[in-house]
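Asker: Enclosed is the structure file query.cif (mmCIF, C-alpha atoms).
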data_my_file
loop_
_atom_site.label_atom_id
_atom_site.label_comp_id
_atom_site.auth_asym_id
_atom_site.auth_seq_id
_atom_site.Cartn_x
_atom_site.Cartn_y
_atom_site.Cartn_z
CA MET A 1 18.59 -6.30 -24.75
CA LEU A 2 18.04 -7.17 -21.08
CA SER A 3 21.34 -5.60 -20.03
CA TYR A 4 20.42 -2.29 -21.68
CA THR A 5 16.96 -2.35 -20.07
CA ILE A 6 18.54 -2.93 -16.67
CA ILE A 7 20.79 0.11 -17.15
CA ILE A 8 17.85 2.30 -18.23
CA VAL A 9 15.66 1.21 -15.30
CA ALA A 10 18.57 1.63 -12.87
CA ILE A 11 18.99 5.22 -14.09
CA CYS A 12 15.24 5.81 -13.61
CA ILE A 13 15.39 4.51 -10.03
CA CYS A 14 18.52 6.51 -9.25
CA ILE A 15 16.81 9.71 -10.45
CA ALA A 16 13.82 8.77 -8.30
CA LEU A 17 16.12 8.31 -5.28
CA ILE A 18 17.73 11.71 -5.91
CA LEU A 19 14.27 13.33 -6.06
CA ASN A 20 13.40 11.60 -2.78
CA LEU A 21 16.63 12.87 -1.23
CA TRP A 22 15.75 16.39 -2.33
CA ARG A 23 12.37 16.10 -0.62
CA LEU A 24 14.05 14.60 2.45
CA LEU A 25 16.41 17.58 2.77
CA GLN A 26 13.90 20.19 1.63
CA GLY A 27 10.65 18.94 3.20
CA PRO A 28 9.03 21.78 5.13
CA THR A 29 7.53 19.51 7.83
CA ALA A 30 8.54 16.30 9.56
CA SER A 31 5.74 14.38 7.82
CA ASP A 32 7.25 15.26 4.43
CA ARG A 33 10.54 13.78 5.53
CA ILE A 34 8.88 10.58 6.73
CA LEU A 35 7.07 10.30 3.40
CA ALA A 36 10.36 10.77 1.56
CA LEU A 37 11.99 8.01 3.64
CA ASP A 38 9.00 5.75 2.97
CA THR A 39 9.34 6.23 -0.77
CA MET A 40 13.11 5.81 -0.53
CA TYR A 41 12.91 2.33 0.91
CA ILE A 42 10.48 1.24 -1.81
CA ASN A 43 12.95 2.50 -4.42
CA ALA A 44 15.78 0.75 -2.61
CA ILE A 45 13.92 -2.58 -2.83
CA ALA A 46 13.52 -2.06 -6.58
CA LEU A 47 17.22 -1.26 -6.98
CA ILE A 48 18.30 -4.35 -5.03
CA LEU A 49 16.01 -6.65 -7.04
CA LEU A 50 17.36 -5.09 -10.22
CA TYR A 51 20.90 -5.85 -9.08
CA GLY A 52 19.79 -9.41 -8.36
CA ILE A 53 18.62 -9.74 -11.98
CA HIS A 54 21.86 -8.19 -13.20
CA VAL A 55 24.19 -10.61 -11.40
CA LYS A 56 21.76 -13.56 -11.91
CA SER A 57 21.56 -14.37 -8.22
CA ALA A 58 18.57 -15.13 -5.99
CA LEU A 59 20.36 -14.12 -2.80
CA TYR A 60 19.23 -10.51 -2.95
CA PHE A 61 15.61 -11.51 -2.37
CA GLU A 62 16.31 -11.88 1.35
CA ALA A 63 17.76 -8.39 1.53
CA ALA A 64 14.66 -7.05 -0.23
CA VAL A 65 12.33 -8.76 2.28
CA LEU A 66 14.30 -7.33 5.19
CA ILE A 67 14.22 -3.80 3.77
CA ALA A 68 10.46 -4.06 3.13
CA MET A 69 9.71 -5.15 6.70
CA LEU A 70 12.11 -2.79 8.50
CA GLY A 71 11.03 0.10 6.27
CA PHE A 72 7.39 -0.28 7.22
CA VAL A 73 8.18 -0.69 10.90
CA SER A 74 10.40 2.40 10.91
CA THR A 75 7.72 4.49 9.17
CA ALA A 76 5.14 3.36 11.72
CA ALA A 77 7.51 4.02 14.63
CA LEU A 78 8.43 7.53 13.41
CA CYS A 79 4.77 8.47 12.90
CA LYS A 80 3.80 7.06 16.26
CA TYR A 81 6.59 9.02 17.93
CA LEU A 82 5.47 12.27 16.31
CA LEU A 83 1.82 11.61 17.10
CA ARG A 84 2.12 10.65 20.76
CA GLY A 85 5.68 11.44 21.85
CA ASP A 86 6.19 7.76 22.56
CA ILE A 87 6.58 4.62 20.49
CA ILE A 88 5.09 2.04 22.83
CA GLU A 89 2.35 3.26 25.13
CA MET B 1 -8.41 -27.83 22.70
CA LYS B 2 -8.86 -27.55 18.97
CA LEU B 3 -6.05 -28.54 16.63
CA PHE B 4 -6.54 -25.48 14.40
CA PRO B 5 -7.96 -22.59 16.43
CA MET B 6 -7.30 -20.15 13.56
CA PRO B 7 -7.62 -22.14 10.31
CA PHE B 8 -7.08 -19.20 7.95
CA HIS B 9 -3.97 -18.02 9.76
CA SER B 10 -2.62 -21.58 9.85
CA LEU B 11 -2.95 -21.81 6.09
CA LEU B 12 -1.31 -18.40 5.70
CA LEU B 13 1.65 -19.40 7.90
CA PHE B 14 2.07 -22.66 5.96
CA VAL B 15 2.09 -20.91 2.58
CA VAL B 16 4.34 -18.04 3.71
CA TRP B 17 6.93 -20.43 5.17
CA LEU B 18 7.10 -22.40 1.93
CA LEU B 19 7.29 -19.18 -0.09
CA LEU B 20 10.08 -17.74 2.06
CA ASN B 21 12.16 -20.87 1.55
CA ASN B 22 11.02 -21.20 -2.06
CA SER B 23 10.85 -24.98 -1.89
CA ILE B 24 8.33 -27.77 -1.46
CA SER B 25 10.73 -30.42 -0.15
CA ALA B 26 9.46 -32.84 2.50
CA GLY B 27 11.51 -31.27 5.30
CA HIS B 28 10.11 -27.81 4.73
CA ILE B 29 6.54 -29.15 4.54
CA VAL B 30 6.97 -30.85 7.91
CA LEU B 31 8.44 -27.67 9.41
CA ALA B 32 5.66 -25.54 7.89
CA THR B 33 3.01 -27.86 9.32
CA PHE B 34 4.70 -27.65 12.71
CA PHE B 35 4.59 -23.83 12.63
CA ALA B 36 1.03 -23.79 11.27
CA ILE B 37 -0.12 -25.81 14.28
CA THR B 38 2.00 -24.41 17.12
CA ILE B 39 2.01 -20.66 16.42
CA PRO B 40 -1.82 -20.25 16.31
CA TRP B 41 -2.01 -22.51 19.36
CA LEU B 42 0.35 -20.17 21.27
CA VAL B 43 -1.20 -16.85 20.23
CA THR B 44 -4.90 -17.70 20.15
CA GLY B 45 -5.41 -16.44 23.69
CA MET B 46 -3.96 -13.03 22.94
CA ARG B 47 -6.21 -11.91 20.13
CA ASP B 48 -9.51 -10.08 19.89
CA GLU B 49 -12.59 -11.61 18.36
CA HIS B 50 -13.00 -10.99 14.65
CA PRO B 51 -16.15 -11.42 12.61
CA LYS B 52 -16.16 -14.56 10.47
CA ILE B 53 -16.07 -14.46 6.70
CA LEU B 54 -19.57 -15.51 5.74
CA LYS B 55 -19.20 -15.51 1.97
CA PRO B 56 -15.72 -16.68 0.93
CA TRP B 57 -16.48 -16.59 -2.81
CA LEU B 58 -17.61 -12.99 -2.59
CA ALA B 59 -14.38 -12.23 -0.69
CA ILE B 60 -12.29 -13.70 -3.51
CA ARG B 61 -14.29 -11.74 -6.09
CA TYR B 62 -13.80 -8.61 -4.02
CA VAL B 63 -10.02 -9.10 -3.93
CA LEU B 64 -9.90 -9.57 -7.71
CA MET B 65 -12.05 -6.48 -8.25
CA VAL B 66 -9.76 -4.43 -5.99
CA MET B 67 -6.70 -5.67 -7.90
CA LYS B 68 -8.25 -4.49 -11.17
CA ASP B 69 -9.17 -1.15 -9.59
CA ILE B 70 -5.63 -0.71 -8.27
CA LEU B 71 -4.27 -1.06 -11.80
CA THR B 72 -6.66 1.48 -13.34
CA ALA B 73 -6.39 3.87 -10.38
CA ASN B 74 -2.60 3.80 -10.55
CA VAL B 75 -2.60 4.81 -14.18
CA GLU B 76 -5.15 7.55 -13.46
CA VAL B 77 -3.12 8.95 -10.56
CA ALA B 78 0.09 8.77 -12.59
CA LEU B 79 -1.57 10.82 -15.35
CA LEU B 80 -2.84 13.34 -12.78
CA ILE B 81 0.65 13.70 -11.31
CA VAL B 82 2.30 14.25 -14.68
CA GLY B 83 -0.49 16.55 -15.90
CA PRO B 84 -0.91 20.20 -14.97
CA VAL B 85 -0.87 20.78 -11.21
CA LYS B 86 -2.94 23.97 -11.40
CA LYS B 87 -5.99 22.08 -12.66
CA LEU B 88 -6.05 19.68 -9.69
CA LYS B 89 -8.81 20.33 -7.18
CA PRO B 90 -7.86 18.56 -3.92
CA GLY B 91 -10.34 18.30 -1.09
CA PHE B 92 -11.31 16.62 2.16
CA VAL B 93 -14.47 14.54 2.13
CA ALA B 94 -16.42 12.90 4.97
CA ILE B 95 -17.91 9.55 3.96
CA PRO B 96 -20.64 8.09 6.18
CA ILE B 97 -19.94 4.39 6.81
CA ASP B 98 -22.18 1.61 8.06
CA VAL B 99 -19.57 -1.12 8.66
CA ASP B 100 -18.96 -1.30 12.39
CA SER B 101 -16.39 -4.06 12.96
CA ASP B 102 -12.71 -3.13 13.31
CA LEU B 103 -11.65 -5.48 10.55
CA GLY B 104 -14.32 -4.20 8.17
CA ILE B 105 -13.31 -0.57 8.71
CA THR B 106 -9.61 -1.42 8.27
CA ILE B 107 -10.28 -3.22 5.00
CA LEU B 108 -12.51 -0.42 3.74
CA ALA B 109 -9.96 2.28 4.65
CA SER B 110 -7.09 0.36 3.03
CA THR B 111 -9.12 -0.23 -0.12
CA VAL B 112 -10.04 3.44 -0.32
CA SER B 113 -6.36 4.38 0.08
CA LEU B 114 -5.24 2.04 -2.68
CA THR B 115 -7.94 2.49 -5.28
CA PRO B 116 -9.37 5.73 -6.67
CA GLY B 117 -7.68 9.13 -6.23
CA THR B 118 -8.22 9.10 -2.46
CA VAL B 119 -6.23 8.47 0.74
CA SER B 120 -8.08 7.71 3.96
CA ALA B 121 -6.95 10.07 6.69
CA GLU B 122 -8.98 9.28 9.80
CA VAL B 123 -12.00 7.47 11.21
CA SER B 124 -14.24 9.33 13.66
CA LYS B 125 -14.36 7.93 17.19
CA ASP B 126 -17.99 6.79 16.89
CA ARG B 127 -17.09 4.90 13.66
CA ALA B 128 -19.74 6.70 11.65
CA TRP B 129 -17.47 8.73 9.36
CA LEU B 130 -14.45 7.97 7.25
CA TYR B 131 -12.48 11.10 6.35
CA VAL B 132 -10.61 10.91 3.07
CA HIS B 133 -8.43 13.29 1.07
CA SER B 134 -9.03 13.29 -2.65
CA LEU B 135 -6.41 14.37 -5.17
CA HIS B 136 -8.89 15.55 -7.76
CA LEU B 137 -12.38 16.14 -6.39
CA GLU B 138 -14.98 16.98 -8.98
CA ASN B 139 -18.23 15.67 -7.56
CA GLU B 140 -18.36 14.96 -3.84
CA ALA B 141 -21.69 13.13 -3.84
CA GLU B 142 -20.56 10.90 -6.69
CA LEU B 143 -17.36 9.93 -4.85
CA ILE B 144 -19.29 9.08 -1.68
CA GLU B 145 -21.81 7.06 -3.65
CA SER B 146 -19.15 5.12 -5.56
CA VAL B 147 -17.24 4.23 -2.36
CA LYS B 148 -20.42 3.09 -0.66
CA GLN B 149 -21.75 1.09 -3.59
CA ARG B 150 -18.54 -0.38 -4.93
CA TYR B 151 -16.55 -1.15 -1.78
CA GLU B 152 -18.67 -0.90 1.31
CA ARG B 153 -21.59 -3.06 0.21
CA PRO B 154 -19.47 -6.16 -0.59
CA ILE B 155 -17.58 -5.79 2.70
CA LYS B 156 -20.84 -5.64 4.58
CA GLU B 157 -22.07 -8.74 2.80
CA ILE B 158 -18.80 -10.63 3.35
CA PHE B 159 -18.81 -10.08 7.11
CA GLY B 160 -22.57 -9.96 7.45
CA CYS B 161 -22.74 -6.82 9.57
CA MET C 1 16.88 -17.17 -22.60
CA PRO C 2 13.99 -17.33 -25.08
CA PHE C 3 13.21 -14.08 -26.84
CA TYR C 4 9.58 -13.79 -25.69
CA LEU C 5 10.59 -14.09 -22.03
CA GLU C 6 13.16 -11.37 -22.50
CA ILE C 7 10.48 -9.12 -24.04
CA ILE C 8 8.09 -9.71 -21.11
CA ILE C 9 10.83 -9.02 -18.54
CA CYS C 10 11.94 -5.86 -20.33
CA VAL C 11 8.38 -4.51 -20.63
CA SER C 12 7.51 -5.09 -17.00
CA LEU C 13 10.87 -3.67 -15.85
CA LEU C 14 10.36 -0.53 -17.92
CA THR C 15 6.77 -0.07 -16.67
CA GLY C 16 7.97 -0.53 -13.11
CA GLY C 17 10.82 1.93 -13.51
CA ALA C 18 8.56 4.51 -15.16
CA PHE C 19 5.98 4.29 -12.36
CA LEU C 20 8.63 4.52 -9.65
CA LEU C 21 10.03 7.61 -11.34
CA ILE C 22 6.54 9.15 -11.64
CA GLY C 23 5.85 8.43 -7.98
CA SER C 24 9.02 10.20 -6.86
CA TYR C 25 8.47 13.02 -9.35
CA GLY C 26 5.04 13.60 -7.82
CA LEU C 27 6.66 13.70 -4.39
CA VAL C 28 8.78 16.65 -5.52
CA ARG C 29 6.24 18.35 -7.72
CA LEU C 30 2.92 18.44 -5.84
CA PRO C 31 2.39 21.47 -3.62
CA ASP C 32 1.27 20.18 -0.20
CA ILE C 33 1.75 17.14 2.03
CA TYR C 34 -1.78 15.77 1.58
CA MET C 35 -1.41 15.73 -2.20
CA ARG C 36 2.11 14.35 -2.00
CA LEU C 37 0.76 11.36 -0.06
CA HIS C 38 -1.03 10.13 -3.17
CA SER C 39 1.98 9.63 -5.40
CA PRO C 40 4.09 7.19 -3.34
CA THR C 41 1.13 5.12 -2.12
CA LYS C 42 -0.24 4.50 -5.58
CA ALA C 43 2.37 4.97 -8.30
CA SER C 44 5.26 3.47 -6.34
CA THR C 45 3.23 0.40 -5.36
CA LEU C 46 2.52 -0.37 -9.00
CA GLY C 47 6.14 0.37 -9.90
CA ILE C 48 7.55 -2.06 -7.37
CA THR C 49 5.03 -4.67 -8.55
CA GLY C 50 6.38 -4.35 -12.09
CA VAL C 51 9.97 -4.84 -10.97
CA LEU C 52 8.98 -7.79 -8.76
CA VAL C 53 7.10 -9.51 -11.60
CA ALA C 54 10.17 -9.13 -13.83
CA SER C 55 12.38 -10.54 -11.08
CA MET C 56 9.96 -13.42 -10.55
CA ILE C 57 9.97 -14.43 -14.22
CA PHE C 58 13.75 -14.11 -14.44
CA GLN C 59 14.44 -16.18 -11.32
CA SER C 60 11.94 -18.84 -12.45
CA HIS C 61 13.80 -19.13 -15.73
CA LEU C 62 17.15 -19.21 -13.95
CA LYS C 63 16.23 -21.97 -11.52
CA GLY C 64 14.07 -24.00 -13.88
CA PHE C 65 11.07 -24.12 -11.55
CA LEU C 66 8.30 -21.66 -10.72
CA SER C 67 9.65 -19.26 -8.12
CA ILE C 68 6.85 -17.13 -6.73
CA GLN C 69 8.49 -15.93 -3.52
CA GLU C 70 8.69 -12.37 -4.90
CA LEU C 71 4.90 -12.23 -4.63
CA LEU C 72 5.45 -12.17 -0.87
CA ILE C 73 7.05 -8.70 -1.06
CA THR C 74 4.28 -7.46 -3.39
CA LEU C 75 1.61 -8.69 -0.98
CA PHE C 76 3.41 -7.18 2.00
CA LEU C 77 3.77 -3.80 0.30
CA LEU C 78 0.13 -3.82 -0.83
CA ILE C 79 -0.95 -4.37 2.78
CA THR C 80 1.44 -1.88 4.38
CA ALA C 81 1.32 1.02 1.87
CA PRO C 82 -2.18 2.26 2.89
CA VAL C 83 -1.35 1.88 6.59
CA ALA C 84 1.80 3.97 6.21
CA ALA C 85 -0.09 6.60 4.19
CA ASN C 86 -2.80 6.74 6.83
CA MET C 87 -0.26 7.25 9.62
CA ILE C 88 1.55 10.00 7.73
CA ALA C 89 -1.78 11.75 7.06
CA LYS C 90 -2.57 11.52 10.78
CA THR C 91 0.81 13.02 11.64
CA ALA C 92 0.30 15.90 9.20
CA LEU C 93 -3.16 16.59 10.64
CA HIS C 94 -1.80 16.38 14.17
CA PHE C 95 0.66 19.22 13.45
CA ARG C 96 -2.10 21.22 11.71
CA THR C 97 -0.11 21.34 8.47
CA LYS C 98 -1.80 23.80 6.13
CA PRO C 99 -3.06 22.46 2.80
CA ILE C 100 -2.95 24.70 -0.27
CA ASP C 101 -5.63 27.36 -0.40
CA LYS C 102 -7.87 25.88 -3.06
CA THR C 103 -8.40 22.66 -1.05
CA GLN C 104 -12.11 22.03 -0.61
CA GLY C 105 -13.54 21.09 2.76
CA GLN C 106 -10.83 22.80 4.82
CA GLU C 107 -13.38 23.44 7.57
CA LEU C 108 -13.38 19.66 8.16
CA MET C 109 -9.73 19.60 9.23
CA GLU C 110 -10.25 20.42 12.91
CA THR C 111 -13.05 17.83 13.10
CA ILE C 112 -10.81 15.23 11.49
CA ARG C 113 -7.94 16.07 13.82
CA ASP C 114 -10.08 15.56 16.91
CA ARG C 115 -11.72 12.45 15.40
CA LYS C 116 -15.16 13.95 15.99
CA SER C 117 -18.30 13.08 14.14
CA THR C 118 -19.52 15.58 11.58
CA LYS C 119 -22.87 16.66 10.24
CA PRO C 120 -23.38 15.64 6.64
CA PRO C 121 -23.03 18.46 4.11
CA HIS C 122 -25.69 16.73 2.02
CA THR C 123 -28.91 15.04 3.06
CA PRO C 124 -28.36 11.50 4.39
CA ARG C 125 -30.27 8.70 2.76
#
Show me the file's structure as structure tokens.

Answerer:
Amino acid sequence: MLSYTIIIVAICICIALILNLWRLLQGPTASDRILALDTMYINAIALILLYGIHVKSALYFEAAVLIAMLGFVSTAALCKYLLRGDIIE
Amino acid sequence: MKLFPMPFHSLLLFVVWLLLNNSISAGHIVLATFFAITIPWLVTGMRDEHPKILKPWLAIRYVLMVMKDILTANVEVALLIVGPVKKLKPGFVAIPIDVDSDLGITILASTVSLTPGTVSAEVSKDRAWLYVHSLHLENEAELIESVKQRYERPIKEIFGC
Amino acid sequence: MPFYLEIIICVSLLTGGAFLLIGSYGLVRLPDIYMRLHSPTKASTLGITGVLVASMIFQSHLKGFLSIQELLITLFLLITAPVAANMIAKTALHFRTKPIDKTQGQELMETIRDRKSTKPPHTPR
């Protein structure tokens, strides 16, 4: 039962990633694209953890932590750049 | 010089180190204690003054209440998103706030972003107004009242300002 | 793996997946940037929490001891999601992005952008 659930949830997350990609390419303003990237990294964390459950390994946790931290920092840096034209003032 | 200049942060560092390594072996406990003492000792000169938590039990109750609100608010927002878009009435609202410490305003703004159908957009320079965007705004006065009563009052009590 | 654990993991995985999908669906569906902000900050946060809880239970069963390190990611995302949303809202306001026409309180936008104080539209207590 678990293996079927993993496939279903993986399909859900892949559809979510495709929708995010559409917003990333479509997005009328730069802020839309940043928002799409922000959502994309959250979905990527979910996908990696799901893969970790699938292959019964705990190693993928580290990758998830790294994506979470770098994703937030990149969102903050992009917004800061658009707001002030500079990342570190 | 004090051994623990920032006791809460020391505890946080200790717990996070053990969680990251996912073990409670003796070696990791020694290493975590080492970090919990040295890192606050190194950075204590670089930080601004923060108000102290006066009522820790109220703080814990506040966190639990926010967790519950996050759950209900998430389901509400999910239903709004899936439901008809034409019926949504978005709007900007200015909420007058009385909390004046940086930490208090940050916590209030984050709570407002996470809980009901609102996202905090900006704080005015004189710290008197919190501007939020609401996904479905039916009654402005009611929203302001609920934010003030439900979230701002406990924060004011916790930090005593 | 005992059957009840499998049920719990499946339920929380499915809830998480459904909320993640709803969050991204809202990102595509809602009409303007300020409304789109709501869906990833709220729905996706709950979605990722569901997946993380499932992962936590599964890894605990696999290793034979309580493994709560996944809570670290949940906590981190709960702290950072509102900050990211706030910064994106600021960026959108900075570029004077137009909200949809029926948005109430549009006259506030310039005040918000300049971080000025406003007069209350209702009588202060």

Asker: Restrict the calculation to all atoms listed in the file, then for each residue of chain B with any atom at most 12 Å from an atom of chain A give the closest atom pair and their distance in Å to one decimal, rows by chain and rising residue number, as CSV.

Answerer:
residue,atom,partner,partner_atom,distance
B:Leu19,CA,A:Phe61,CA,11.5
B:Leu20,CA,A:Glu62,CA,8.6
B:Asn21,CA,A:Glu62,CA,9.9
B:Asn22,CA,A:Ala58,CA,10.5

Asker: Output the contact residues of chain B with respect to chain C at a cut-off of 6 Å, based on only C-alpha atoms, as a PyMOL selection string.

Answerer: chain B and resi 19+74+81+90-92+110+113+121+124-125+135

Asker: Please produce a file of those selected residues containing C-alpha atoms, as a compact mmCIF listing (two decimals), in the coordinates of the input.

Answerer:
# COMPACT_ATOMS: atom_id res chain seq x y z
CA LEU B 19 7.29 -19.18 -0.09
CA ASN B 74 -2.60 3.80 -10.55
CA ILE B 81 0.65 13.70 -11.31
CA PRO B 90 -7.86 18.56 -3.92
CA GLY B 91 -10.34 18.30 -1.09
CA PHE B 92 -11.31 16.62 2.16
CA SER B 110 -7.09 0.36 3.03
CA SER B 113 -6.36 4.38 0.08
CA ALA B 121 -6.95 10.07 6.69
CA SER B 124 -14.24 9.33 13.66
CA LYS B 125 -14.36 7.93 17.19
CA LEU B 135 -6.41 14.37 -5.17

Asker: To one decimal place, how far is atom CA of A:Leu25 from atom CA of C:Phe95 in Å?

Answerer: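 The value is 19.1 Å.
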
Asker: Any chance you could work out the residue set of the PyMOL selection byres ((chain B and resi 143-156) around 9) here, as a list in words?

Answerer: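 Taken on the displayed file, the PyMOL selection byres ((chain B and resi 143-156) around 9) yields the residues Leu58, Ala59, Tyr62, Val66, Val93, Ala94, Ile95, Pro96, Ile97, Asp98, Val99, Gly104, Ile107, Leu108, Thr111, Val112, Leu137, Glu138, Asn139, Glu140, Ala141, Glu142, Glu157, Ile158, Phe159, Gly160 and Cys161 of chain B.
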
Asker: Give me the residues within 12 Å of A:Ala44 as a compact mmCIF listing (two decimals) with C-alpha atoms, in the frame of the given file, counting all atoms listed in the file and dropping any in the same chain fewer than 4 places off.

Answerer:
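Below you can see selection-v6.txt, which holds the result:
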# COMPACT_ATOMS: atom_id res chain seq x y z
CA ALA A 10 18.57 1.63 -12.87
CA ILE A 13 15.39 4.51 -10.03
CA CYS A 14 18.52 6.51 -9.25
CA ILE A 15 16.81 9.71 -10.45
CA ALA A 16 13.82 8.77 -8.30
CA LEU A 17 16.12 8.31 -5.28
CA ILE A 18 17.73 11.71 -5.91
CA ASN A 20 13.40 11.60 -2.78
CA LEU A 37 11.99 8.01 3.64
CA ASP A 38 9.00 5.75 2.97
CA THR A 39 9.34 6.23 -0.77
CA MET A 40 13.11 5.81 -0.53
CA ILE A 48 18.30 -4.35 -5.03
CA LEU A 49 16.01 -6.65 -7.04
CA LEU A 50 17.36 -5.09 -10.22
CA TYR A 51 20.90 -5.85 -9.08
CA TYR A 60 19.23 -10.51 -2.95
CA ALA A 63 17.76 -8.39 1.53
CA ALA A 64 14.66 -7.05 -0.23
CA VAL A 65 12.33 -8.76 2.28
CA LEU A 66 14.30 -7.33 5.19
CA ILE A 67 14.22 -3.80 3.77
CA ALA A 68 10.46 -4.06 3.13
CA GLY A 71 11.03 0.10 6.27
CA LEU C 20 8.63 4.52 -9.65
CA SER C 44 5.26 3.47 -6.34
CA ILE C 48 7.55 -2.06 -7.37
CA VAL C 51 9.97 -4.84 -10.97

Asker: Tell me, counting only C-alpha atoms, for each residue of chain A within 7 Å of chain C, which pair of atoms is nearest and how far apart they are in Å to one decimal, in rows ordered by chain and increasing number, as a Markdown table.

Answerer:
| residue | atom | partner | partner_atom | distance |
| --- | --- | --- | --- | --- |
| A:Leu2 | CA | C:Cys10 | CA | 6.3 |
| A:Thr5 | CA | C:Cys10 | CA | 6.1 |
| A:Val9 | CA | C:Gly17 | CA | 5.2 |
| A:Cys12 | CA | C:Gly17 | CA | 5.9 |
| A:Ile13 | CA | C:Gly17 | CA | 6.3 |
| A:Ala16 | CA | C:Leu21 | CA | 5.0 |
| A:Leu19 | CA | C:Ser24 | CA | 6.2 |
| A:Asn20 | CA | C:Ser24 | CA | 6.1 |
| A:Arg23 | CA | C:Val28 | CA | 6.1 |
| A:Ser31 | CA | C:Ala92 | CA | 5.8 |
| A:Asp32 | CA | C:Ile33 | CA | 6.3 |
| A:Thr39 | CA | C:Pro40 | CA | 5.9 |
| A:Ala46 | CA | C:Ile48 | CA | 6.0 |
| A:Leu49 | CA | C:Ser55 | CA | 6.7 |
| A:Ile53 | CA | C:Ser55 | CA | 6.4 |
| A:Ala58 | CA | C:Gln59 | CA | 6.8 |
| A:Val65 | CA | C:Ile73 | CA | 6.2 |
| A:Phe72 | CA | C:Thr80 | CA | 6.8 |
| A:Thr75 | CA | C:Ala84 | CA | 6.6 |
| A:Ala76 | CA | C:Ala84 | CA | 6.5 |
| A:Cys79 | CA | C:Met87 | CA | 6.1 |
| A:Leu82 | CA | C:Thr91 | CA | 6.6 |
| A:Leu83 | CA | C:Thr91 | CA | 5.7 |

Asker: To one decimal in Å, tell me the separation between atom CA of A:Ile6 and atom CA of A:Leu47.

Answerer: 9.9 Å

Asker: How big is the axis-aligned box around the listed atoms of stretch 56-65 of chain C once 5 Å is added on each side, and where is its centre? Give both in Å to one decimal, as AutoDock Vina command-line options.

Answerer:
--center_x 13.6 --center_y -18.8 --center_z -13.1 --size_x 17.2 --size_y 20.7 --size_z 15.2

Asker: So how far away is atom CA of B:His133 from atom CA of B:Thr106, in Å?

Answerer: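 Atom CA of B:His133 lies 16.4 Å from atom CA of B:Thr106.
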
Asker: Write out as a PDB file with C-alpha atoms, keeping the file's coordinate frame the residues lying within 10 Å of B:Val15, counting only C-alpha atoms and excluding same-chain residues fewer than 5 positions away.

Answerer:
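File around07.pdb, as written:
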ATOM      1  CA  HIS B   9      -3.970 -18.020   9.760  1.00  0.00           C
ATOM      2  CA  SER B  10      -2.620 -21.580   9.850  1.00  0.00           C
ATOM      3  CA  LEU B  20      10.080 -17.740   2.060  1.00  0.00           C
ATOM      4  CA  ILE B  29       6.540 -29.150   4.540  1.00  0.00           C
ATOM      5  CA  ALA B  32       5.660 -25.540   7.890  1.00  0.00           C
ATOM      6  CA  THR B  33       3.010 -27.860   9.320  1.00  0.00           C
ATOM      7  CA  ALA B  36       1.030 -23.790  11.270  1.00  0.00           C
TER       8      ALA B  36
ATOM      9  CA  LEU C  72       5.450 -12.170  -0.870  1.00  0.00           C
TER      10      LEU C  72
END

Asker: Given all atoms listed in the file as the basis, pick out the residue of A:Ser3, A:Gly27, A:Gly85, A:Trp22 nearest to A:Lys56.

Answerer: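 Checking each of A:Ser3, A:Gly27, A:Gly85, A:Trp22 against A:Lys56, counting all atoms listed in the file, the winner is A:Ser3.
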